[in-house]
Every structure is written in C-alpha cells, then in structure tokens.
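Asker: Have a look at this one.
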Amino acid sequence: MAFTRATGKHRAPGRMTRRSANIASVATLTATGVIGTLASPALAAEAGATLAQEAAPAAPVRAIVIDDSLAAKIDAQADAQRLAAQKAAKAKAEAAARAKAEAKRKAEARAKEAREAEERAARAAERKRLNAYRLPVAGSSVTTGYRTGGALWSSGSHSGVDFRATSGTSVVAVGAGTVVEAGWGGAYGNNVVIRMNDGTYTQYGHLSSVGVNVGQGVSPGTSIGFSGSTGNSTGPHLHFEARTSAEYGTDIDPVAYLRSHGVGV
C-alpha cells in the first residue's frame with residue numbers, strides 16, 4: 001500500500017527547537033510527578049539544573065570608561081617617570097664624570113709629586129757634587145808638607161804643600177768656585193787662584209799652562225791647567241795652597257783643609 005504526503009519542505013526540528021521541546025516535556029513530566037516516580041533521582045537533578053541554568057539571566061558585561069581627567073593623570077605619571085629616569089641617568093653620568101676627573105686629578109698630583117721629588121733629588125745631587133772636594137792631582141800624594149822650613153821660601157817656610165806630578169799632568173779645581181787670578185804669579189810661575197763657594201781661596205802654582213780665565217766658574221774636578229816647573233821651582237810638581245783671603249800670608253794648612261771637606265790625603 002502506498003503512502004503519500006503533502007508537498008512542501010519538511011525538516012527535522014533544529015537543535016534549539018528539540019532542546020526547548022525536551023525542556024518543555026521534562027517540565028510537564030516534572031509537574032505531573034512522572035519524573036519523580038519513573039526517573040531516577042540523578043536524572044531529576046540534572047533536569048532541574050538544566051532548567052535553572054536556562055532560566056538564569058546572563059551576567060552583565062562592565063564597560064571601562066576612561067574620562068579625560070584620568071587620562072591626564074596617567075600621562076602626567078608617565079611624564080614624571082620619564083623625567084625621573086632622565087634625572088637618574090644624568091646624575092649617574094655626572095657622578096662618573098666627577099669620578100673620572102678626580103682620578104685624573106690624583107694621577108696628575110702623583111705625577112707632580114714624582115717630578116718634584118726627582119727635581120729635589122737632582123738638586124741634592126748637584127749640591128753634593130758642588131760641595132764635594134777632591135785632590136788637585138788625581139791619585140797623587142804630598143811630597144813637601146805645610147810649614148816645612150828652608151831657604152827655598154822667602155818667608156822661611158813652605159806656605160802650602162807640594163803634590164807629586166810629572167810635567168803635563170792635569171790639575172783640577174778641588175771644589176766649586178770662581179777664578180780670581182789666572183796667569184803669571186811671580187815666584188809661583190803660572191798659577192790659578194780660585195775663590196771657593198765657602199769663602200776660602202785655593203792656589204795652584206808652577207803650572208806649565210793655564211786653562212781657565214778670570215771670572216770663570218768651576219766645579220769640583222774642572223781642569224784648570226797642567227803641572228809643570230815654572231817660577232821658583234826645582235822640578236815638576238804642583239804647589240797647592242789654601243787661604244782665608246786672596247792675600248799672601250793668610251794661608252792655612254792645605255791638608256787639614258782638604259780633610260775637612262772629606263778628601264783623603
């Protein structure tokens with residue numbers, strides 16, 4: 001037997017339609033007590049929960065609205081934080097610059113102190129060199145002593161000492177001073193007289209030649225001429241005198257003079 005149906009579109013109920021129908025059926029059954037008598041407690045609870053869930057209103061959605069004053073406060077806070085960061089960076093840079101400058105200053109101070117110490121040492125060494133005395137003829141010894149008597153000297157005694165020296169031996173200033181006489185000196189032959197820096201005078205006689213000029217400054221060890229036998233002399237040697245003035249007759253013991261200045265004679 002053939003079955004026929006009316007023309008038109010037919011489709012199964014949609015999910016939401018089916019669900020609504022199911023809920024309605026459940027509600028009917030619940031109201032009539034059928035679910036309570038026929039269904040299990042779990043099924044009844046599930047159905048009730050579903051109904052409550054469907055009936056509960058949706059949670060409201062809050063919209064955050066930022067007005068102009070709040071935006072201004074946020075901008076101001078950002079600006080303040082930015083300025084604080086800039087100030088911190090600037091302070092850090094300035095501290096680093098100060099530390100660098102201080103390190104440079106200390107280094108320069110240490111360098112200055114080192115230079116000054118070096119200069120002081122150099123000056124001390126120069127003073128020591130200028131104040132140092134030495135023998136007028138290196139490695140020589142005294143052959144005729146001070147105040148030795150005899151007819152060879154007009155005063156009746158030796159006014160200085162004689163140092164052993166062959167002709168042409170270098171004669172040097174025993175200390176620092178200024179030449180006040182250089183040339184012929186009568187009985188002394190070719191001679192040199194030096195006013196020493198300590199105010200005393202030294203004389204070098206019987207030279208074969210003179211190598212300095214009046215007014216010339218000399219240092220310990222400066223060559224002033226060469227030994228010989230000029231003037232009142234019996235042979236090559238150096239006549240050396242120490243005096244308290246440039247005048248003849250103010251002589252003092254030359255050996256004691258040299259020893260007082262640290263020279264071993």
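Letters A, B, ... mark the chains of the structure tokens in the order given; residue numbers begin at 1 per chain; ligand numbers begin at 1, in order shown.
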Excluding Ser219 (chain A) and residues on its chain fewer than 2 positions from it, collect all residues at most 6 Å away from it, counting only C-alpha atoms, and give them as a PyMOL selection string.
Answerer: chain A and resi 175-176+222
Asker: Using only C-alpha atoms, which protein or nucleic acid residues come within 6 Å of region 157-167 of chain A? Drop anything in the same chain fewer than 6 positions from it, and give the result as a list in words.
Answerer: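 Those residues are Ser140, Ser141, Val142, Thr143, Thr144, Gly145, Tyr146, Arg147, Thr148, Gly149, Gly150, Ser227, Gly228, Pro236, His237, Leu238, His239, Phe240 and Glu241 of chain A.
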Asker: Report the distance between CA of Ala242 (chain A) and CA of Ala151 (chain A) in Å, rounded to one decimal place.
Answerer: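 So the two atoms, CA of Ala242 (chain A) and CA of Ala151 (chain A), lie 21.5 Å apart.
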Asker: Go ahead and compute the interatomic distance for CA of His261 (chain A) and CA of Ala246 (chain A), in Å to one decimal.
Answerer: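 Straight-line distance from CA of His261 (chain A) to CA of Ala246 (chain A) works out to 19.7 Å.
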Asker: I'd like the interatomic distance between CA of Val174 (chain A) and CA of Phe226 (chain A), to a tenth of an Å.
Answerer: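 Between CA of Val174 (chain A) and CA of Phe226 (chain A) the gap is 14.2 Å.
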Asker: Which residues in region 25-251 of chain A does DSSP call strand (DSSP E)? List them as a VMD selection string.
Answerer: chain A and resid 142 to 144 161 to 163 170 to 172 177 to 184 190 to 196 201 to 210 217 to 218 223 to 227 238 to 243 251
Asker: Find the residues near Val212 (chain A): any atom within 10 Å, counting only C-alpha atoms, skip ones fewer than 4 places away on the same chain, and give them as a list in words.
Answerer: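 My list of contacting residues is Val179, Glu181, Ala182, Gly183, Val192, Gln216, Gly217, Val218, Thr222, Ser223, Ile224 and Gly225 of chain A.
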Asker: So which bits of region 99-174 of chain A end up alpha helix (DSSP H) when you DSSP the backbone, as a VMD selection string?
Answerer: chain A and resid 99 to 131
Asker: Any chance you could export the current selection's N, CA, C and O atoms as a short mmCIF file (atom, residue, chain, number, x, y, z; two decimals), in the first residue's frame?
Answerer:
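Listing of part.cif after writing:
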```cif
data_model
loop_
_atom_site.label_atom_id
_atom_site.label_comp_id
_atom_site.auth_asym_id
_atom_site.auth_seq_id
_atom_site.Cartn_x
_atom_site.Cartn_y
_atom_site.Cartn_z
N ALA A 99 84.04 61.24 39.06
CA ALA A 99 85.00 60.19 39.44
C ALA A 99 86.18 60.18 38.49
O ALA A 99 87.34 60.05 38.91
N LYS A 100 85.90 60.34 37.20
CA LYS A 100 86.98 60.38 36.21
C LYS A 100 87.88 61.59 36.42
O LYS A 100 89.11 61.49 36.36
N ALA A 101 87.26 62.75 36.68
CA ALA A 101 88.03 63.98 36.92
C ALA A 101 88.88 63.84 38.18
O ALA A 101 90.04 64.28 38.22
N GLU A 102 88.31 63.23 39.22
CA GLU A 102 89.05 63.05 40.47
C GLU A 102 90.22 62.10 40.26
O GLU A 102 91.32 62.34 40.78
N ALA A 103 90.00 61.03 39.49
CA ALA A 103 91.09 60.10 39.20
C ALA A 103 92.20 60.79 38.41
O ALA A 103 93.39 60.59 38.68
N LYS A 104 91.79 61.65 37.47
CA LYS A 104 92.78 62.40 36.69
C LYS A 104 93.56 63.36 37.57
O LYS A 104 94.78 63.49 37.45
N ARG A 105 92.82 64.04 38.48
CA ARG A 105 93.48 64.99 39.38
C ARG A 105 94.51 64.28 40.27
O ARG A 105 95.63 64.75 40.46
N LYS A 106 94.11 63.12 40.80
CA LYS A 106 95.02 62.37 41.65
C LYS A 106 96.24 61.89 40.87
O LYS A 106 97.36 61.93 41.39
N ALA A 107 96.01 61.45 39.63
CA ALA A 107 97.12 60.99 38.80
C ALA A 107 98.08 62.14 38.52
O ALA A 107 99.30 61.98 38.57
N GLU A 108 97.51 63.32 38.22
CA GLU A 108 98.35 64.50 37.96
C GLU A 108 99.11 64.91 39.22
O GLU A 108 100.27 65.32 39.15
N ALA A 109 98.43 64.82 40.38
CA ALA A 109 99.09 65.16 41.64
C ALA A 109 100.25 64.20 41.92
O ALA A 109 101.33 64.62 42.35
N ARG A 110 100.00 62.90 41.67
CA ARG A 110 101.08 61.92 41.88
C ARG A 110 102.24 62.17 40.92
O ARG A 110 103.41 62.08 41.32
N ALA A 111 101.91 62.51 39.67
CA ALA A 111 102.96 62.80 38.68
C ALA A 111 103.75 64.04 39.09
O ALA A 111 104.98 64.08 38.97
N LYS A 112 103.01 65.06 39.60
CA LYS A 112 103.68 66.29 40.05
C LYS A 112 104.60 66.00 41.23
O LYS A 112 105.74 66.48 41.29
N GLU A 113 104.10 65.21 42.17
CA GLU A 113 104.92 64.85 43.34
C GLU A 113 106.17 64.09 42.91
O GLU A 113 107.26 64.31 43.44
N ALA A 114 105.98 63.19 41.92
CA ALA A 114 107.13 62.42 41.43
C ALA A 114 108.15 63.33 40.77
O ALA A 114 109.37 63.19 40.98
N ARG A 115 107.66 64.30 39.96
CA ARG A 115 108.57 65.24 39.31
C ARG A 115 109.30 66.09 40.34
O ARG A 115 110.52 66.31 40.24
N GLU A 116 108.54 66.57 41.34
CA GLU A 116 109.17 67.40 42.37
C GLU A 116 110.19 66.60 43.17
O GLU A 116 111.27 67.13 43.51
N ALA A 117 109.86 65.35 43.47
CA ALA A 117 110.82 64.51 44.19
C ALA A 117 112.07 64.28 43.35
O ALA A 117 113.21 64.30 43.87
N GLU A 118 111.86 64.07 42.05
CA GLU A 118 113.01 63.88 41.15
C GLU A 118 113.85 65.14 41.07
O GLU A 118 115.09 65.07 41.08
N GLU A 119 113.17 66.29 41.00
CA GLU A 119 113.90 67.56 40.95
C GLU A 119 114.67 67.80 42.25
O GLU A 119 115.81 68.28 42.23
N ARG A 120 114.03 67.49 43.39
CA ARG A 120 114.72 67.66 44.67
C ARG A 120 115.94 66.76 44.75
O ARG A 120 117.01 67.17 45.21
N ALA A 121 115.77 65.53 44.27
CA ALA A 121 116.90 64.60 44.28
C ALA A 121 118.02 65.09 43.38
O ALA A 121 119.21 64.99 43.73
N ALA A 122 117.63 65.65 42.21
CA ALA A 122 118.64 66.17 41.29
C ALA A 122 119.37 67.37 41.91
O ALA A 122 120.60 67.48 41.79
N ARG A 123 118.60 68.26 42.58
CA ARG A 123 119.24 69.41 43.22
C ARG A 123 120.17 68.97 44.35
O ARG A 123 121.26 69.52 44.52
N ALA A 124 119.70 67.99 45.11
CA ALA A 124 120.53 67.48 46.21
C ALA A 124 121.81 66.86 45.66
O ALA A 124 122.90 67.06 46.22
N ALA A 125 121.67 66.12 44.56
CA ALA A 125 122.85 65.52 43.95
C ALA A 125 123.80 66.59 43.43
O ALA A 125 125.03 66.46 43.56
N GLU A 126 123.22 67.65 42.85
CA GLU A 126 124.06 68.73 42.35
C GLU A 126 124.76 69.47 43.49
O GLU A 126 125.95 69.81 43.39
N ARG A 127 124.01 69.71 44.58
CA ARG A 127 124.65 70.35 45.74
C ARG A 127 125.77 69.48 46.29
O ARG A 127 126.84 69.99 46.65
N LYS A 128 125.49 68.19 46.34
CA LYS A 128 126.51 67.28 46.84
C LYS A 128 127.74 67.30 45.94
O LYS A 128 128.88 67.30 46.42
N ARG A 129 127.47 67.33 44.63
CA ARG A 129 128.59 67.36 43.69
C ARG A 129 129.38 68.66 43.83
O ARG A 129 130.62 68.65 43.84
N LEU A 130 128.63 69.79 43.96
CA LEU A 130 129.31 71.08 44.08
C LEU A 130 130.03 71.24 45.41
O LEU A 130 131.03 71.96 45.50
N ASN A 131 129.48 70.59 46.43
CA ASN A 131 130.12 70.69 47.74
C ASN A 131 131.21 69.64 47.95
O ASN A 131 131.91 69.68 48.96
#
```
